[in-house]
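Structure, as structure tokens:
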Amino acid sequence: MEKDIKAQVEYYLKLPYTMTVQYQDEQGGYYVAGYLELPDLTMTGPTPEEAIKDLLLEAPEWFELNIKN
């Protein structure tokens with residue numbers, strides 16, 4: 001079962017998503033990175049690069065959790 005979940009995660013990670021990065025003025029300012037197709041998967045950071053890095057690191061765990069649920 002775990003191999004099946006990992007295979008599904010890999011499949012979903014390879015799909016073409018539209019990444020967005022937006023600046024938010026609140027709380028001193030920060031950036032929000034996410035995908036248009038996956039509105040519940042977003043990460044924040046003090047720079048666009050940090051927000052994107054965190055998004056890419058979080059995506060596999062996010063997909064795994066959603067597949068299991």
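Ordering of the structure tokens sets the chain letters (A, B, ...); residue numbers start at 1 within each chain; ligands are numbered from 1 in the order shown.
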>> Which residues are close to Asp40 in chain A, i.e. within 12 Å by only C-alpha atoms, leaving aside same-chain residues fewer than 2 positions away? Reply as a list of chain:residue names.
In response: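 In the requested form, the answer reads A:Val32, A:Ala33, A:Gly34, A:Tyr35, A:Leu36, A:Glu37, A:Leu38, A:Thr42, A:Met43, A:Leu55, A:Glu58, A:Ala59, A:Trp62, A:Phe63, A:Asn66.
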Write a file of the selected residues as a tab-separated table (two decimals), in the first residue's frame, keeping C-alpha atoms.
chain	number	residue	atom	x	y	z
A	32	VAL	CA	2.72	33.53	-0.89
A	33	ALA	CA	3.57	30.77	-3.38
A	34	GLY	CA	0.95	28.35	-4.60
A	35	TYR	CA	-0.63	26.63	-7.57
A	36	LEU	CA	-3.76	27.86	-9.34
A	37	GLU	CA	-5.01	24.29	-9.66
A	38	LEU	CA	-4.40	23.47	-5.97
A	42	THR	CA	0.27	27.45	-0.39
A	43	MET	CA	3.41	28.40	1.49
A	55	LEU	CA	6.13	25.06	-1.50
A	58	GLU	CA	5.73	20.72	1.19
A	59	ALA	CA	4.05	19.43	-1.99
A	62	TRP	CA	0.56	17.50	0.99
A	63	PHE	CA	-0.20	15.05	-1.80
A	66	ASN	CA	-4.58	14.03	0.67
> In terms of the shortest atom-to-atom distance over only C-alpha atoms, which of A:Lys68, A:Tyr11, A:Thr18, A:Tyr30 is closest to Glu49 in chain A?
Replying inline: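 Comparing A:Lys68, A:Tyr11, A:Thr18, A:Tyr30 against Glu49 in chain A, the winner is A:Tyr30.
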> Which parts of chain A does DSSP call helix (DSSP H, G or I) when run on the backbone here, written out as JSON, numbers by chain?
Replying inline: {"A": [2, 3, 4, 5, 6, 7, 8, 9, 10, 11, 12, 13, 14, 26, 27, 28, 48, 49, 50, 51, 52, 53, 54, 55, 56, 57, 58, 59, 60, 61, 62, 63, 64, 65, 66, 67, 68]}
> Between A:Glu10, A:Pro60, A:Gln22, A:Leu65, which one has atoms that come closest to Thr47 in chain A, using only C-alpha atoms?
Replying inline: A:Gln22
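In this structure, CA of Leu57 in chain A sits 15.1 Å away from CA of Lys6 in chain A.
Nearest residue to Ile52 in chain A, choosing from A:Thr20, A:Asn69, A:Pro39, A:Gly29 and counting only C-alpha atoms: A:Thr20.
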Enumerate the residues of chain A with a DSSP assignment of strand (DSSP E or B), computed from the backbone, and present them as an mmCIF file with N, CA, C and O atoms, in the first residue's frame.
data_model
loop_
_atom_site.group_PDB
_atom_site.id
_atom_site.type_symbol
_atom_site.label_atom_id
_atom_site.label_comp_id
_atom_site.auth_asym_id
_atom_site.auth_seq_id
_atom_site.Cartn_x
_atom_site.Cartn_y
_atom_site.Cartn_z
ATOM 1 N N MET A 19 2.235 27.789 -11.170
ATOM 2 C CA MET A 19 2.686 28.352 -9.904
ATOM 3 C C MET A 19 2.506 29.864 -9.908
ATOM 4 O O MET A 19 2.756 30.527 -10.915
ATOM 5 N N THR A 20 2.063 30.387 -8.778
ATOM 6 C CA THR A 20 1.932 31.826 -8.611
ATOM 7 C C THR A 20 2.699 32.255 -7.369
ATOM 8 O O THR A 20 2.837 31.482 -6.415
ATOM 9 N N VAL A 21 3.189 33.469 -7.398
ATOM 10 C CA VAL A 21 3.830 34.068 -6.223
ATOM 11 C C VAL A 21 3.271 35.476 -6.103
ATOM 12 O O VAL A 21 3.341 36.265 -7.054
ATOM 13 N N GLN A 22 2.706 35.773 -4.951
ATOM 14 C CA GLN A 22 2.104 37.081 -4.734
ATOM 15 C C GLN A 22 2.655 37.701 -3.463
ATOM 16 O O GLN A 22 2.899 37.004 -2.484
ATOM 17 N N TYR A 23 2.812 39.016 -3.504
ATOM 18 C CA TYR A 23 3.263 39.752 -2.329
ATOM 19 C C TYR A 23 2.059 40.182 -1.516
ATOM 20 O O TYR A 23 1.064 40.661 -2.064
ATOM 21 N N GLN A 24 2.143 40.004 -0.199
ATOM 22 C CA GLN A 24 1.100 40.440 0.728
ATOM 23 C C GLN A 24 1.678 41.517 1.636
ATOM 24 O O GLN A 24 2.749 41.328 2.210
ATOM 25 N N TYR A 30 5.126 39.779 3.116
ATOM 26 C CA TYR A 30 5.628 38.427 2.869
ATOM 27 C C TYR A 30 5.124 37.962 1.507
ATOM 28 O O TYR A 30 4.259 38.600 0.902
ATOM 29 N N TYR A 31 5.640 36.847 1.025
ATOM 30 C CA TYR A 31 5.254 36.298 -0.269
ATOM 31 C C TYR A 31 4.498 34.989 -0.068
ATOM 32 O O TYR A 31 4.806 34.223 0.842
ATOM 33 N N VAL A 32 3.515 34.760 -0.920
ATOM 34 C CA VAL A 32 2.723 33.528 -0.892
ATOM 35 C C VAL A 32 2.917 32.826 -2.229
ATOM 36 O O VAL A 32 2.646 33.401 -3.286
ATOM 37 N N ALA A 33 3.399 31.595 -2.180
ATOM 38 C CA ALA A 33 3.566 30.771 -3.379
ATOM 39 C C ALA A 33 2.513 29.680 -3.351
ATOM 40 O O ALA A 33 2.206 29.120 -2.292
ATOM 41 N N GLY A 34 1.959 29.395 -4.510
ATOM 42 C CA GLY A 34 0.948 28.355 -4.603
ATOM 43 C C GLY A 34 0.724 27.959 -6.048
ATOM 44 O O GLY A 34 1.418 28.412 -6.956
ATOM 45 N N TYR A 35 -0.259 27.096 -6.234
ATOM 46 C CA TYR A 35 -0.633 26.627 -7.568
ATOM 47 C C TYR A 35 -2.089 26.994 -7.821
ATOM 48 O O TYR A 35 -2.945 26.776 -6.949
ATOM 49 N N LEU A 38 -4.366 24.055 -7.321
ATOM 50 C CA LEU A 38 -4.401 23.471 -5.970
ATOM 51 C C LEU A 38 -4.486 24.601 -4.943
ATOM 52 O O LEU A 38 -3.511 24.897 -4.235
ATOM 53 N N PRO A 39 -5.645 25.249 -4.815
ATOM 54 C CA PRO A 39 -5.731 26.439 -3.962
ATOM 55 C C PRO A 39 -5.458 26.194 -2.478
ATOM 56 O O PRO A 39 -5.155 27.138 -1.756
ATOM 57 N N ASP A 40 -5.530 24.955 -2.029
ATOM 58 C CA ASP A 40 -5.265 24.661 -0.616
ATOM 59 C C ASP A 40 -3.786 24.429 -0.319
ATOM 60 O O ASP A 40 -3.419 24.254 0.839
ATOM 61 N N LEU A 41 -2.957 24.421 -1.339
ATOM 62 C CA LEU A 41 -1.521 24.191 -1.157
ATOM 63 C C LEU A 41 -0.786 25.500 -1.395
ATOM 64 O O LEU A 41 -0.527 25.898 -2.527
ATOM 65 N N THR A 42 -0.479 26.197 -0.306
ATOM 66 C CA THR A 42 0.272 27.450 -0.390
ATOM 67 C C THR A 42 1.310 27.478 0.725
ATOM 68 O O THR A 42 1.143 26.847 1.768
ATOM 69 N N MET A 43 2.374 28.206 0.476
ATOM 70 C CA MET A 43 3.411 28.402 1.488
ATOM 71 C C MET A 43 3.827 29.867 1.443
ATOM 72 O O MET A 43 3.709 30.526 0.404
ATOM 73 N N THR A 44 4.337 30.351 2.565
ATOM 74 C CA THR A 44 4.762 31.746 2.649
ATOM 75 C C THR A 44 6.250 31.836 2.958
ATOM 76 O O THR A 44 6.856 30.869 3.443
ATOM 77 N N GLY A 45 6.803 33.007 2.671
ATOM 78 C CA GLY A 45 8.211 33.244 2.973
ATOM 79 C C GLY A 45 8.537 34.718 2.866
ATOM 80 O O GLY A 45 7.782 35.485 2.261
#
List the neighbours of Val9 in chain A out to 9 Å using only C-alpha atoms; skip same-chain residues closer than 5 positions along the sequence, and give me the result as a tab-separated table (two decimals) with C-alpha atoms, in the first residue's frame.
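Output saved as selection-v8.tsv:
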chain	number	residue	atom	x	y	z
A	4	ASP	CA	1.12	2.61	-4.21
A	14	LYS	CA	4.81	15.49	-12.30
A	60	PRO	CA	5.01	15.72	-1.60
A	61	GLU	CA	3.72	15.62	1.99
A	63	PHE	CA	-0.20	15.05	-1.80
A	64	GLU	CA	0.51	12.04	0.44
A	67	ILE	CA	-4.23	10.63	-0.99
> What is the CA of Ile5 in chain A to CA of Lys53 in chain A distance in Å?
Replying inline: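 Spanning CA of Ile5 in chain A to CA of Lys53 in chain A is a straight-line distance of 23.2 Å.
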>> Just to confirm, what's the straight-line distance from CA of Gln27 in chain A to CA of Glu50 in chain A in Å (one decimal)?
In response: 16.9 Å
